[in-house]
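J.: Quick one: structure below, then a few questions.
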Amino acid sequence: MIDFKKIIAEKIATKLDLDLEEIKQYIEIPPNTDLGDYAFPCFRLAKTLKKSPQMIAEELKEEIQLDENVIKVDIVGGYLNFFINKLKLTKEVLEEINKKEENYGSNKSGENKTILVEYSSPNIAKPFHIGHLRNTVIGSSLYKIYKFLGYNVVGINHLGDYGTQFGKMIEGYKRWEKEYNIEENPIDELTNIYVRINNLCKEDENVLELCRENFKKLEDGDEYCVEVWNKLKDLSLKEFQKTYDLLGVKFDSLKGEAFYSDKIDEIVEKLDKKGILKDSEGAKIVDLEDKGLGVCIIKKSNGSTIYATRDLAAILYRARTYNFDKCLYVVAYEQNLHFKQVFEIAKFLDLPQKCLDGLEHVSYGMVRLVTGKMSTREGTVIKVNELLDEAIERAKKIIEEKNPEMENKEEEAKKIGLGAVIFNNVSNTIIKDQVFEWDTVLNFNGETGPYIQYIFVRTKSVLEKINNIPDINNINFELLQDKESQKVIATLYNFENVLMQVVQKNEPSLLARYLITLSQNYSNFYNENKIIDDDDKDIQNARVALTKAVNIVLKQGAKLLGIEMPNKM
RNA sequence: GCACCAGUAGCUUAGCUGGAUAGAGCACUCGGCUACGAACCGAGAGGUCGGGGAUUCGAAUUCCUCCUGGUGCACCA
């Protein structure tokens, strides 16, 4: 599609001794459209050119030729303001959306690039709580957006299916299996066992040692331990899958930590050969003190592996298997140091440089309760299925109030309830902590998922009232030059740009914000303009075309966040 | 103690790699369903952008320092 920013940058570039890209970066969008559509601030040139910003602006203005794209140039206090041809913009945007439909905004920028996205990664035999939900929603939307931009994406659920905690689970299972109804209610009952064995470990150091031994035995292939572990894993995965199905979340790989347990010898050898492995208190470590990263344990004193080692093995395996350009780890910021250490040590694994450069920790803020941090052991977690059920229930209740005659109430309530929860998880900058409050998550008014859905349903409703959508070639774009229409057009035009920023920053909240803005803009348009108009078919056609475009972009944008649009609400 | 992250309206927040009058939503007050859906829209009130320095034409944004909160710092993941 036409790139007005570039066109303007080119016009300026010919007059200045500056790089085109540099100028493009300087160009900004004025705070309100009365001032112009794009602006070039001349202040920063004042020093080098030894002229006042006003003078520079005036001289530039003299030189700039107006054409079919740029129709007016204005000077306001050191800014050179450009007015673009809105008619052309309107035509370009609406024709493009009409042509590409749900692929509008997609591009080939990721072509021939492979990107791995590791996300969700819950711990087996523990409840899937709202912290994992945030992770899952963020990761899943990044997954979808990268794909939309042409990347070859591999979604990895790096299951927490290994480690001393399983030594503990096995110990608890061995002792009290018969006291719990595991088959019927696996996660809850296993959690009870986990809490109980943890308490016992606290009281009795010997039990803790037994648990560590169990894990060592599990790694060494002990029959009983492996059998119990497999059972825990199967039961948990079945439970998790229900949640993933409900959320529409998919993975290409379910290789958890355990998968890498037999691949750590090579890591240890490599590190040893590079001479960076040290013995310390019986354990094998890499000392990263000189980089300010402390020390990283590679092998515990009892010979069993640890988190970091398995992550290193995973990097090596993934580099070989996928030769990735990027590997994103969607993991909470608690593990910032861990990833810094692992990425540092990965430099000694003889990986291709591009893989090394592509390692990136997408760090997000923690979900906490008003009372503080959640804890499985203390039973203070909020489980995802409880939250989702409650959200759907709440949506159903509202439907009963507002629209009792509606069809497929169950289905629509599900989309709305889930839409609210999902949106809530991606609407803010991901690094910020989130305090969980039921009333906030289950709020359906204002800047929420249901708001976007509501505006979408409105567009849908308009389009259904019109029997046939007008041919784009018969639209008179002159009829969409009012302020409200133009705001919608400008926002639609920005869609692809927003998606590019999302992947550049790994920040899906930008898309969430965008959809709110688009909805608000359309809402203003809707309130100011009569769309269906039997007396003026030209106006109707133009406004319907705009409505159709908003309908497409809202639906696709929401889909990229993992939110489905209801038909009615 | 050291390191990293965050601090914007009563609450939740946006602010695009320094730019024009700091934008929203919730809650509050007032107004709007005989145009296409009121889960909506409009208006009002609410800000010394944590404090203090510095850099410069210009700082919520960059740097320094202090304060507050969070997180991490060896056999958990």
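Numbering starts fresh at 1 for the residues of each chain in the structure tokens, the chains themselves are lettered A, B, ... in the order given, and ligands are numbered from 1 as they appear.
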Which residues in region 292-364 of chain A does DSSP call alpha helix (DSSP H)? List them as JSON, numbers by chain.
T.: {"A": [307, 308, 309, 310, 311, 312, 313, 314, 315, 316, 317, 318, 319, 320, 321, 322, 336, 337, 338, 339, 340, 341, 342, 343, 344, 345, 346, 353, 354, 355, 356, 357, 358]}
J.: Got a sec: who's within 12 Å of U17 (chain B), counting only C-alpha atoms (C1' of nucleotides), leaving out chain neighbours fewer than 5 positions off, as a PyMOL selection string?
T.: (chain A and resi 22+25-26+505) or (chain B and resi 61-62)
J.: Can those selected residues be exported to a file as a compact mmCIF listing (two decimals), in the first residue's frame so that it contains C-alpha atoms (C1' of nucleotides)?
T.:
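The new file result15.txt reads:
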```txt
# COMPACT_ATOMS: atom_id res chain seq x y z
CA GLU A 22 16.84 9.08 9.21
CA GLN A 25 12.38 8.56 11.74
CA TYR A 26 12.09 12.25 12.42
CA LYS A 505 8.83 -5.03 20.72
C1' U B 61 10.55 10.36 27.79
C1' U B 62 17.93 10.73 28.26
```
J.: Given only C-alpha atoms (C1' of nucleotides), how would the per-residue table for chain B near chain A read, listing every residue at most 12 Å away with its closest atom pair and distance in Å to one decimal, sorted by chain and number, as CSV?
T.:
```
residue,atom,partner,partner_atom,distance
B:C2,C1',A:Gly292,CA,9.3
B:A3,C1',A:Gly292,CA,7.7
B:C4,C1',A:Asn336,CA,7.7
B:C5,C1',A:Ile431,CA,8.0
B:A6,C1',A:Lys432,CA,6.9
B:G7,C1',A:Lys432,CA,10.9
B:C11,C1',A:Thr440,CA,10.4
B:U12,C1',A:Thr440,CA,8.5
B:U13,C1',A:Asn428,CA,7.4
B:A14,C1',A:Arg513,CA,8.3
B:G15,C1',A:Pro31,CA,11.3
B:C16,C1',A:Glu28,CA,8.7
B:U17,C1',A:Gln25,CA,8.9
B:G18,C1',A:Arg44,CA,10.4
B:G19,C1',A:Pro41,CA,7.4
B:A20,C1',A:Pro31,CA,7.2
B:U21,C1',A:Pro31,CA,9.2
B:A22,C1',A:Pro31,CA,11.1
B:G23,C1',A:Pro31,CA,10.0
B:A24,C1',A:Glu447,CA,8.4
B:G25,C1',A:Glu447,CA,5.3
B:C26,C1',A:Gly446,CA,7.4
B:A27,C1',A:Gly446,CA,11.8
B:G32,C1',A:Asn527,CA,11.2
B:A35,C1',A:Lys530,CA,6.0
B:C36,C1',A:Val462,CA,5.6
B:G37,C1',A:Arg458,CA,6.2
B:A38,C1',A:Lys402,CA,10.6
B:A39,C1',A:Asn445,CA,5.9
B:C40,C1',A:Ser523,CA,7.9
B:C41,C1',A:Asn527,CA,6.9
B:G42,C1',A:Asn527,CA,10.0
B:U56,C1',A:Arg44,CA,10.4
B:C57,C1',A:Phe43,CA,7.0
B:G58,C1',A:Phe43,CA,8.9
B:G69,C1',A:Asp433,CA,11.0
B:G70,C1',A:Asp433,CA,8.2
B:U71,C1',A:Glu334,CA,5.6
B:G72,C1',A:Glu334,CA,6.4
B:C73,C1',A:Gly294,CA,7.0
B:A74,C1',A:Ile297,CA,6.7
B:C75,C1',A:Lys300,CA,4.9
B:C76,C1',A:Thr164,CA,7.0
B:A77,C1',A:Tyr307,CA,6.3
```
J.: Region 376-378 of chain A: which residues within 10 Å, counting only C-alpha atoms (C1' of nucleotides), same-chain residues fewer than 6 positions away excluded, as a PyMOL selection string?
T.: chain A and resi 126-129+191-199
J.: In region 308-487 of chain A, what's strand (DSSP E) per DSSP? Answer as number ranges by chain?
T.: A: 326-332, 359-364, 367-369, 434-436
J.: If you measure from CA of Leu133 (chain A) to CA of Val384 (chain A), what distance in Å do you get, rounded to one decimal?
T.: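 We find that CA of Leu133 (chain A) and CA of Val384 (chain A) lie 6.8 Å from each other.
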J.: Report the distance between CA of Glu266 (chain A) and CA of Lys216 (chain A) in Å, rounded to one decimal place.
T.: 18.4 Å
J.: Considering only C-alpha atoms, state which residue in the set A:Asn152, A:Gln556, A:Gln486, A:Gln540 is at the smallest distance from Asn474 (chain A).
T.: A:Gln540
J.: Skip G44 (chain B) itself and residues of its chain fewer than 3 positions away, then list as a PDB file with N, CA and C atoms (P, O5', C5', C4', C3', O3' and C1' of nucleotides), in the first residue's frame all residues within 12 Å of it, counting only C-alpha atoms (C1' of nucleotides).
T.:
```pdb
ATOM      1  P     C B  28     -20.474   5.274  40.129  1.00  0.00           P
ATOM      2  O5'   C B  28     -20.082   6.797  40.415  1.00  0.00           O
ATOM      3  C5'   C B  28     -19.782   7.214  41.739  1.00  0.00           C
ATOM      4  C4'   C B  28     -19.467   8.691  41.754  1.00  0.00           C
ATOM      5  C3'   C B  28     -20.496   9.581  41.061  1.00  0.00           C
ATOM      6  O3'   C B  28     -21.613   9.831  41.888  1.00  0.00           O
ATOM      7  C1'   C B  28     -18.318  10.243  40.420  1.00  0.00           C
ATOM      8  P     U B  29     -23.072   9.996  41.187  1.00  0.00           P
ATOM      9  O5'   U B  29     -22.997  11.453  40.530  1.00  0.00           O
ATOM     10  C5'   U B  29     -23.014  12.610  41.353  1.00  0.00           C
ATOM     11  C4'   U B  29     -22.992  13.852  40.481  1.00  0.00           C
ATOM     12  C3'   U B  29     -24.029  13.866  39.367  1.00  0.00           C
ATOM     13  O3'   U B  29     -25.313  14.280  39.823  1.00  0.00           O
ATOM     14  C1'   U B  29     -21.933  14.496  38.487  1.00  0.00           C
ATOM     15  P     C B  30     -26.600  13.728  39.079  1.00  0.00           P
ATOM     16  O5'   C B  30     -26.507  14.438  37.648  1.00  0.00           O
ATOM     17  C5'   C B  30     -26.859  15.814  37.508  1.00  0.00           C
ATOM     18  C4'   C B  30     -26.565  16.290  36.107  1.00  0.00           C
ATOM     19  C3'   C B  30     -27.342  15.618  34.986  1.00  0.00           C
ATOM     20  O3'   C B  30     -28.689  16.063  34.890  1.00  0.00           O
ATOM     21  C1'   C B  30     -25.094  15.853  34.331  1.00  0.00           C
ATOM     22  P     G B  31     -29.772  15.065  34.297  1.00  0.00           P
ATOM     23  O5'   G B  31     -29.393  14.968  32.756  1.00  0.00           O
ATOM     24  C5'   G B  31     -29.639  16.085  31.905  1.00  0.00           C
ATOM     25  C4'   G B  31     -29.083  15.830  30.530  1.00  0.00           C
ATOM     26  C3'   G B  31     -29.633  14.635  29.760  1.00  0.00           C
ATOM     27  O3'   G B  31     -30.937  14.834  29.262  1.00  0.00           O
ATOM     28  C1'   G B  31     -27.302  14.732  29.471  1.00  0.00           C
TER      29        G B  31
END
```
J.: Separation of CA of Ile71 (chain A) and CA of Asp3 (chain A), in Å?
T.: 15.1 Å
